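Everything on this sheet refers to the single structure shown next.
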Amino acid sequence: MTNQYRKPIGWLGSWTLRKMNKHHSQLTDWGFSHLSIPRGGAILDIGCGGGRTVAKLAIVSGTGLVYGLDHSEESVRVASKTNSDLIRTGRVEILQGSVSQLPYEDNSFDLVTAVETHFFWPDLPSDVREVWRVVKPGGSFAIIAEAYKDAKSKIARKYAPKLGMTMLTPDEHRELLLNAGFAEAQISTDTQKFWICAVGRKTRRKS
């Protein structure tokens, strides 16, 4: 069961994805409240899972184009079904692929989001640098998650070791973004729920 959170597969994966669509909705809305979501721009959601975040981004961005990417074939199938109408109108595209080798050109997106997924990235520092590559100058990358490294967090203490999750403190999230090349990093937390939204802004070209 635990591997379904990392890479959903089959009917159990489909059930897990639909459960996550519902479970992460409030967290996603909270994270969005700390972002400036471009209207009419290009947005990428990495680890799009069941596709609920993609649908939310499409609504908020007005006429923007929203792309969803996931390494799980089952996630791509469910996300495509969730966004079938938006895909037909050309507002949304869902692809299978890896965060370690994003199938997009440099400087492609005004905003990149990662909701409840960076925990499982193969090489987090390198993968965030890959995200930096596809963000446009002036664009942003947002990590939104329901847990960060804290001794009082049940997820960090109990579940992260079992699931093989990479947990970071708020300060470590800031360092992660700055070390990847983002010129600015803003960290917002809910210290009661242990939610975090870490936003890096690309305001200069990496030398």
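Residues in the structure tokens are numbered from 1 in each chain, the chains being A, B, ... in the order shown, and ligands are numbered from 1 in the order shown.
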
(request) Using only C-alpha atoms, determine which residues lie at most 10 Å from region 66-73 of chain A, disregarding the query and same-chain residues fewer than 6 positions distant; provide the list as a PyMOL selection string. (result) chain A and resi 4+6-10+13+40-51+53-59+79-80+86-87+90-99+102-103+109+111-113+117

(message) I'd like to know which residues of region 89-182 of chain A are alpha helix (DSSP H) (by DSSP, run on the backbone); could you write them as a list of chain:residue names?
(response) A:Leu124, A:Pro125, A:Ser126, A:Asp127, A:Val128, A:Arg129, A:Glu130, A:Val131, A:Trp132, A:Arg133, A:Val134, A:Lys154, A:Ala160, A:Pro161, A:Lys162, A:Leu163, A:Pro170, A:Asp171, A:Glu172, A:His173, A:Arg174, A:Glu175, A:Leu176, A:Leu177, A:Leu178, A:Asn179, A:Ala180

Serialized selection, N, CA and C atoms, as a PDB file, in the first residue's frame:
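The new file again_2.pdb reads:
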```
ATOM      1  N   LEU A 124      16.505  15.102  -4.955  1.00  0.00           N
ATOM      2  CA  LEU A 124      15.790  16.358  -4.743  1.00  0.00           C
ATOM      3  C   LEU A 124      16.587  17.594  -5.164  1.00  0.00           C
ATOM      4  N   PRO A 125      17.837  17.781  -4.737  1.00  0.00           N
ATOM      5  CA  PRO A 125      18.569  18.980  -5.163  1.00  0.00           C
ATOM      6  C   PRO A 125      18.721  19.072  -6.683  1.00  0.00           C
ATOM      7  N   SER A 126      19.091  17.964  -7.318  1.00  0.00           N
ATOM      8  CA  SER A 126      19.255  17.954  -8.775  1.00  0.00           C
ATOM      9  C   SER A 126      17.920  18.169  -9.481  1.00  0.00           C
ATOM     10  N   ASP A 127      16.868  17.559  -8.955  1.00  0.00           N
ATOM     11  CA  ASP A 127      15.553  17.676  -9.588  1.00  0.00           C
ATOM     12  C   ASP A 127      15.016  19.102  -9.489  1.00  0.00           C
ATOM     13  N   VAL A 128      15.276  19.785  -8.389  1.00  0.00           N
ATOM     14  CA  VAL A 128      14.839  21.175  -8.268  1.00  0.00           C
ATOM     15  C   VAL A 128      15.632  22.065  -9.225  1.00  0.00           C
ATOM     16  N   ARG A 129      16.880  21.744  -9.466  1.00  0.00           N
ATOM     17  CA  ARG A 129      17.643  22.484 -10.486  1.00  0.00           C
ATOM     18  C   ARG A 129      17.032  22.268 -11.874  1.00  0.00           C
ATOM     19  N   GLU A 130      16.535  21.059 -12.124  1.00  0.00           N
ATOM     20  CA  GLU A 130      15.861  20.777 -13.385  1.00  0.00           C
ATOM     21  C   GLU A 130      14.571  21.599 -13.498  1.00  0.00           C
ATOM     22  N   VAL A 131      13.860  21.761 -12.396  1.00  0.00           N
ATOM     23  CA  VAL A 131      12.682  22.623 -12.390  1.00  0.00           C
ATOM     24  C   VAL A 131      13.088  24.062 -12.708  1.00  0.00           C
ATOM     25  N   TRP A 132      14.165  24.530 -12.075  1.00  0.00           N
ATOM     26  CA  TRP A 132      14.659  25.893 -12.341  1.00  0.00           C
ATOM     27  C   TRP A 132      14.865  26.115 -13.838  1.00  0.00           C
ATOM     28  N   ARG A 133      15.343  25.108 -14.517  1.00  0.00           N
ATOM     29  CA  ARG A 133      15.626  25.217 -15.957  1.00  0.00           C
ATOM     30  C   ARG A 133      14.382  25.586 -16.759  1.00  0.00           C
ATOM     31  N   VAL A 134      13.228  25.016 -16.399  1.00  0.00           N
ATOM     32  CA  VAL A 134      12.033  25.233 -17.217  1.00  0.00           C
ATOM     33  C   VAL A 134      11.188  26.420 -16.763  1.00  0.00           C
ATOM     34  N   LYS A 154       3.376  14.343  13.246  1.00  0.00           N
ATOM     35  CA  LYS A 154       3.144  12.899  13.231  1.00  0.00           C
ATOM     36  C   LYS A 154       3.590  12.284  11.911  1.00  0.00           C
ATOM     37  N   ALA A 160       7.011   9.158   7.485  1.00  0.00           N
ATOM     38  CA  ALA A 160       8.104   9.456   6.557  1.00  0.00           C
ATOM     39  C   ALA A 160       9.139   8.342   6.474  1.00  0.00           C
ATOM     40  N   PRO A 161       9.595   7.775   7.607  1.00  0.00           N
ATOM     41  CA  PRO A 161      10.581   6.686   7.516  1.00  0.00           C
ATOM     42  C   PRO A 161      10.035   5.454   6.788  1.00  0.00           C
ATOM     43  N   LYS A 162       8.746   5.132   7.006  1.00  0.00           N
ATOM     44  CA  LYS A 162       8.143   3.963   6.365  1.00  0.00           C
ATOM     45  C   LYS A 162       8.003   4.149   4.863  1.00  0.00           C
ATOM     46  N   LEU A 163       7.702   5.381   4.446  1.00  0.00           N
ATOM     47  CA  LEU A 163       7.446   5.670   3.035  1.00  0.00           C
ATOM     48  C   LEU A 163       8.695   6.101   2.280  1.00  0.00           C
ATOM     49  N   PRO A 170      11.633  24.067   7.424  1.00  0.00           N
ATOM     50  CA  PRO A 170      11.359  25.260   6.621  1.00  0.00           C
ATOM     51  C   PRO A 170      12.641  25.926   6.107  1.00  0.00           C
ATOM     52  N   ASP A 171      13.658  26.034   6.957  1.00  0.00           N
ATOM     53  CA  ASP A 171      14.919  26.647   6.522  1.00  0.00           C
ATOM     54  C   ASP A 171      15.600  25.815   5.434  1.00  0.00           C
ATOM     55  N   GLU A 172      15.486  24.490   5.532  1.00  0.00           N
ATOM     56  CA  GLU A 172      16.078  23.623   4.512  1.00  0.00           C
ATOM     57  C   GLU A 172      15.331  23.739   3.181  1.00  0.00           C
ATOM     58  N   HIS A 173      14.029  24.012   3.229  1.00  0.00           N
ATOM     59  CA  HIS A 173      13.291  24.289   1.989  1.00  0.00           C
ATOM     60  C   HIS A 173      13.841  25.552   1.323  1.00  0.00           C
ATOM     61  N   ARG A 174      14.107  26.568   2.131  1.00  0.00           N
ATOM     62  CA  ARG A 174      14.658  27.817   1.584  1.00  0.00           C
ATOM     63  C   ARG A 174      16.028  27.561   0.953  1.00  0.00           C
ATOM     64  N   GLU A 175      16.878  26.832   1.645  1.00  0.00           N
ATOM     65  CA  GLU A 175      18.214  26.523   1.118  1.00  0.00           C
ATOM     66  C   GLU A 175      18.118  25.720  -0.172  1.00  0.00           C
ATOM     67  N   LEU A 176      17.173  24.782  -0.230  1.00  0.00           N
ATOM     68  CA  LEU A 176      16.983  23.963  -1.422  1.00  0.00           C
ATOM     69  C   LEU A 176      16.697  24.829  -2.637  1.00  0.00           C
ATOM     70  N   LEU A 177      15.804  25.793  -2.485  1.00  0.00           N
ATOM     71  CA  LEU A 177      15.429  26.664  -3.593  1.00  0.00           C
ATOM     72  C   LEU A 177      16.565  27.598  -3.990  1.00  0.00           C
ATOM     73  N   LEU A 178      17.215  28.189  -3.018  1.00  0.00           N
ATOM     74  CA  LEU A 178      18.309  29.115  -3.319  1.00  0.00           C
ATOM     75  C   LEU A 178      19.494  28.394  -3.954  1.00  0.00           C
ATOM     76  N   ASN A 179      19.809  27.213  -3.464  1.00  0.00           N
ATOM     77  CA  ASN A 179      20.930  26.448  -4.022  1.00  0.00           C
ATOM     78  C   ASN A 179      20.652  25.984  -5.444  1.00  0.00           C
ATOM     79  N   ALA A 180      19.374  25.848  -5.794  1.00  0.00           N
ATOM     80  CA  ALA A 180      19.011  25.431  -7.151  1.00  0.00           C
ATOM     81  C   ALA A 180      19.121  26.576  -8.150  1.00  0.00           C
TER      82      ALA A 180
END
```

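You can rank A:His34, A:Lys193, A:Arg88, A:Arg52 by their closest distance to Lys152 (chain A) using only C-alpha atoms, and at the top of that list sits A:Lys193.
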
(request) Run DSSP on the backbone and give me the residues of region 11-186 of chain A it puts in strand (DSSP E or B), as JSON, numbers by chain. (result) {"A": [42, 43, 44, 45, 46, 65, 66, 67, 68, 69, 70, 92, 93, 94, 95, 96, 98, 101, 109, 110, 111, 112, 113, 114, 115, 135, 136, 137, 138, 139, 140, 141, 142, 143, 144, 145, 184, 185, 186]}

I need the residues from that last selection saved to file as a PDB file, in the first residue's frame (with C-alpha atoms), if you can.
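What follows is the written file part36.pdb:
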```pdb
ATOM      1  CA  ALA A  42       1.801  28.592 -18.891  1.00  0.00           C
ATOM      2  CA  ILE A  43       1.698  26.459 -15.738  1.00  0.00           C
ATOM      3  CA  LEU A  44       3.155  23.030 -14.978  1.00  0.00           C
ATOM      4  CA  ASP A  45       2.081  20.745 -12.120  1.00  0.00           C
ATOM      5  CA  ILE A  46       4.740  18.095 -11.428  1.00  0.00           C
ATOM      6  CA  LEU A  65      -2.440  26.625 -20.461  1.00  0.00           C
ATOM      7  CA  VAL A  66      -1.886  24.027 -17.739  1.00  0.00           C
ATOM      8  CA  TYR A  67       0.357  20.991 -18.078  1.00  0.00           C
ATOM      9  CA  GLY A  68       0.378  17.999 -15.754  1.00  0.00           C
ATOM     10  CA  LEU A  69       3.288  15.554 -15.497  1.00  0.00           C
ATOM     11  CA  ASP A  70       3.552  12.304 -13.564  1.00  0.00           C
ATOM     12  CA  VAL A  92      -4.782  21.139 -20.408  1.00  0.00           C
ATOM     13  CA  GLU A  93      -2.183  18.557 -21.415  1.00  0.00           C
ATOM     14  CA  ILE A  94      -1.212  15.541 -19.288  1.00  0.00           C
ATOM     15  CA  LEU A  95       2.036  13.653 -19.953  1.00  0.00           C
ATOM     16  CA  GLN A  96       3.968  10.783 -18.407  1.00  0.00           C
ATOM     17  CA  SER A  98      10.183  12.191 -14.868  1.00  0.00           C
ATOM     18  CA  GLN A 101      14.365  14.908 -17.111  1.00  0.00           C
ATOM     19  CA  PHE A 109       6.608  28.148 -17.567  1.00  0.00           C
ATOM     20  CA  ASP A 110       5.387  31.144 -15.595  1.00  0.00           C
ATOM     21  CA  LEU A 111       4.611  28.883 -12.641  1.00  0.00           C
ATOM     22  CA  VAL A 112       5.555  25.334 -11.666  1.00  0.00           C
ATOM     23  CA  THR A 113       3.825  23.600  -8.754  1.00  0.00           C
ATOM     24  CA  ALA A 114       4.565  20.428  -6.801  1.00  0.00           C
ATOM     25  CA  VAL A 115       1.833  19.405  -4.357  1.00  0.00           C
ATOM     26  CA  VAL A 135      10.836  28.239 -15.183  1.00  0.00           C
ATOM     27  CA  LYS A 136      10.803  31.523 -17.085  1.00  0.00           C
ATOM     28  CA  PRO A 137      12.830  34.460 -15.695  1.00  0.00           C
ATOM     29  CA  GLY A 138      10.351  36.225 -13.435  1.00  0.00           C
ATOM     30  CA  GLY A 139       8.441  32.971 -12.902  1.00  0.00           C
ATOM     31  CA  SER A 140       8.030  30.901  -9.748  1.00  0.00           C
ATOM     32  CA  PHE A 141       8.208  27.369  -8.391  1.00  0.00           C
ATOM     33  CA  ALA A 142       5.993  26.375  -5.467  1.00  0.00           C
ATOM     34  CA  ILE A 143       6.334  23.346  -3.198  1.00  0.00           C
ATOM     35  CA  ILE A 144       3.116  22.710  -1.247  1.00  0.00           C
ATOM     36  CA  ALA A 145       3.020  19.930   1.335  1.00  0.00           C
ATOM     37  CA  GLU A 184      14.329  34.587  -3.853  1.00  0.00           C
ATOM     38  CA  ALA A 185      12.592  32.106  -1.557  1.00  0.00           C
ATOM     39  CA  GLN A 186       9.481  32.731   0.522  1.00  0.00           C
TER      40      GLN A 186
END
```

(message) If I take CA of Phe194 (chain A) and CA of Ser33 (chain A), how far is one from the other in Å, to one decimal?
(response) 16.0 Å

(request) Please measure the separation of CA of Ile187 (chain A) and CA of Val199 (chain A), giving the value in Å to one decimal. (result) 6.4 Å

(message) To one decimal place in Å, what is the distance between CA of Trp195 (chain A) and CA of Tyr148 (chain A)?
(response)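 Computing the Euclidean distance for CA of Trp195 (chain A) and CA of Tyr148 (chain A) yields 7.1 Å.
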
(request) Skip region 164-166 of chain A itself and residues of its chain fewer than 4 positions away, then list as a ChimeraX atom specification all residues within 8 Å of it, counting only C-alpha atoms. (result) /A:118-120,160
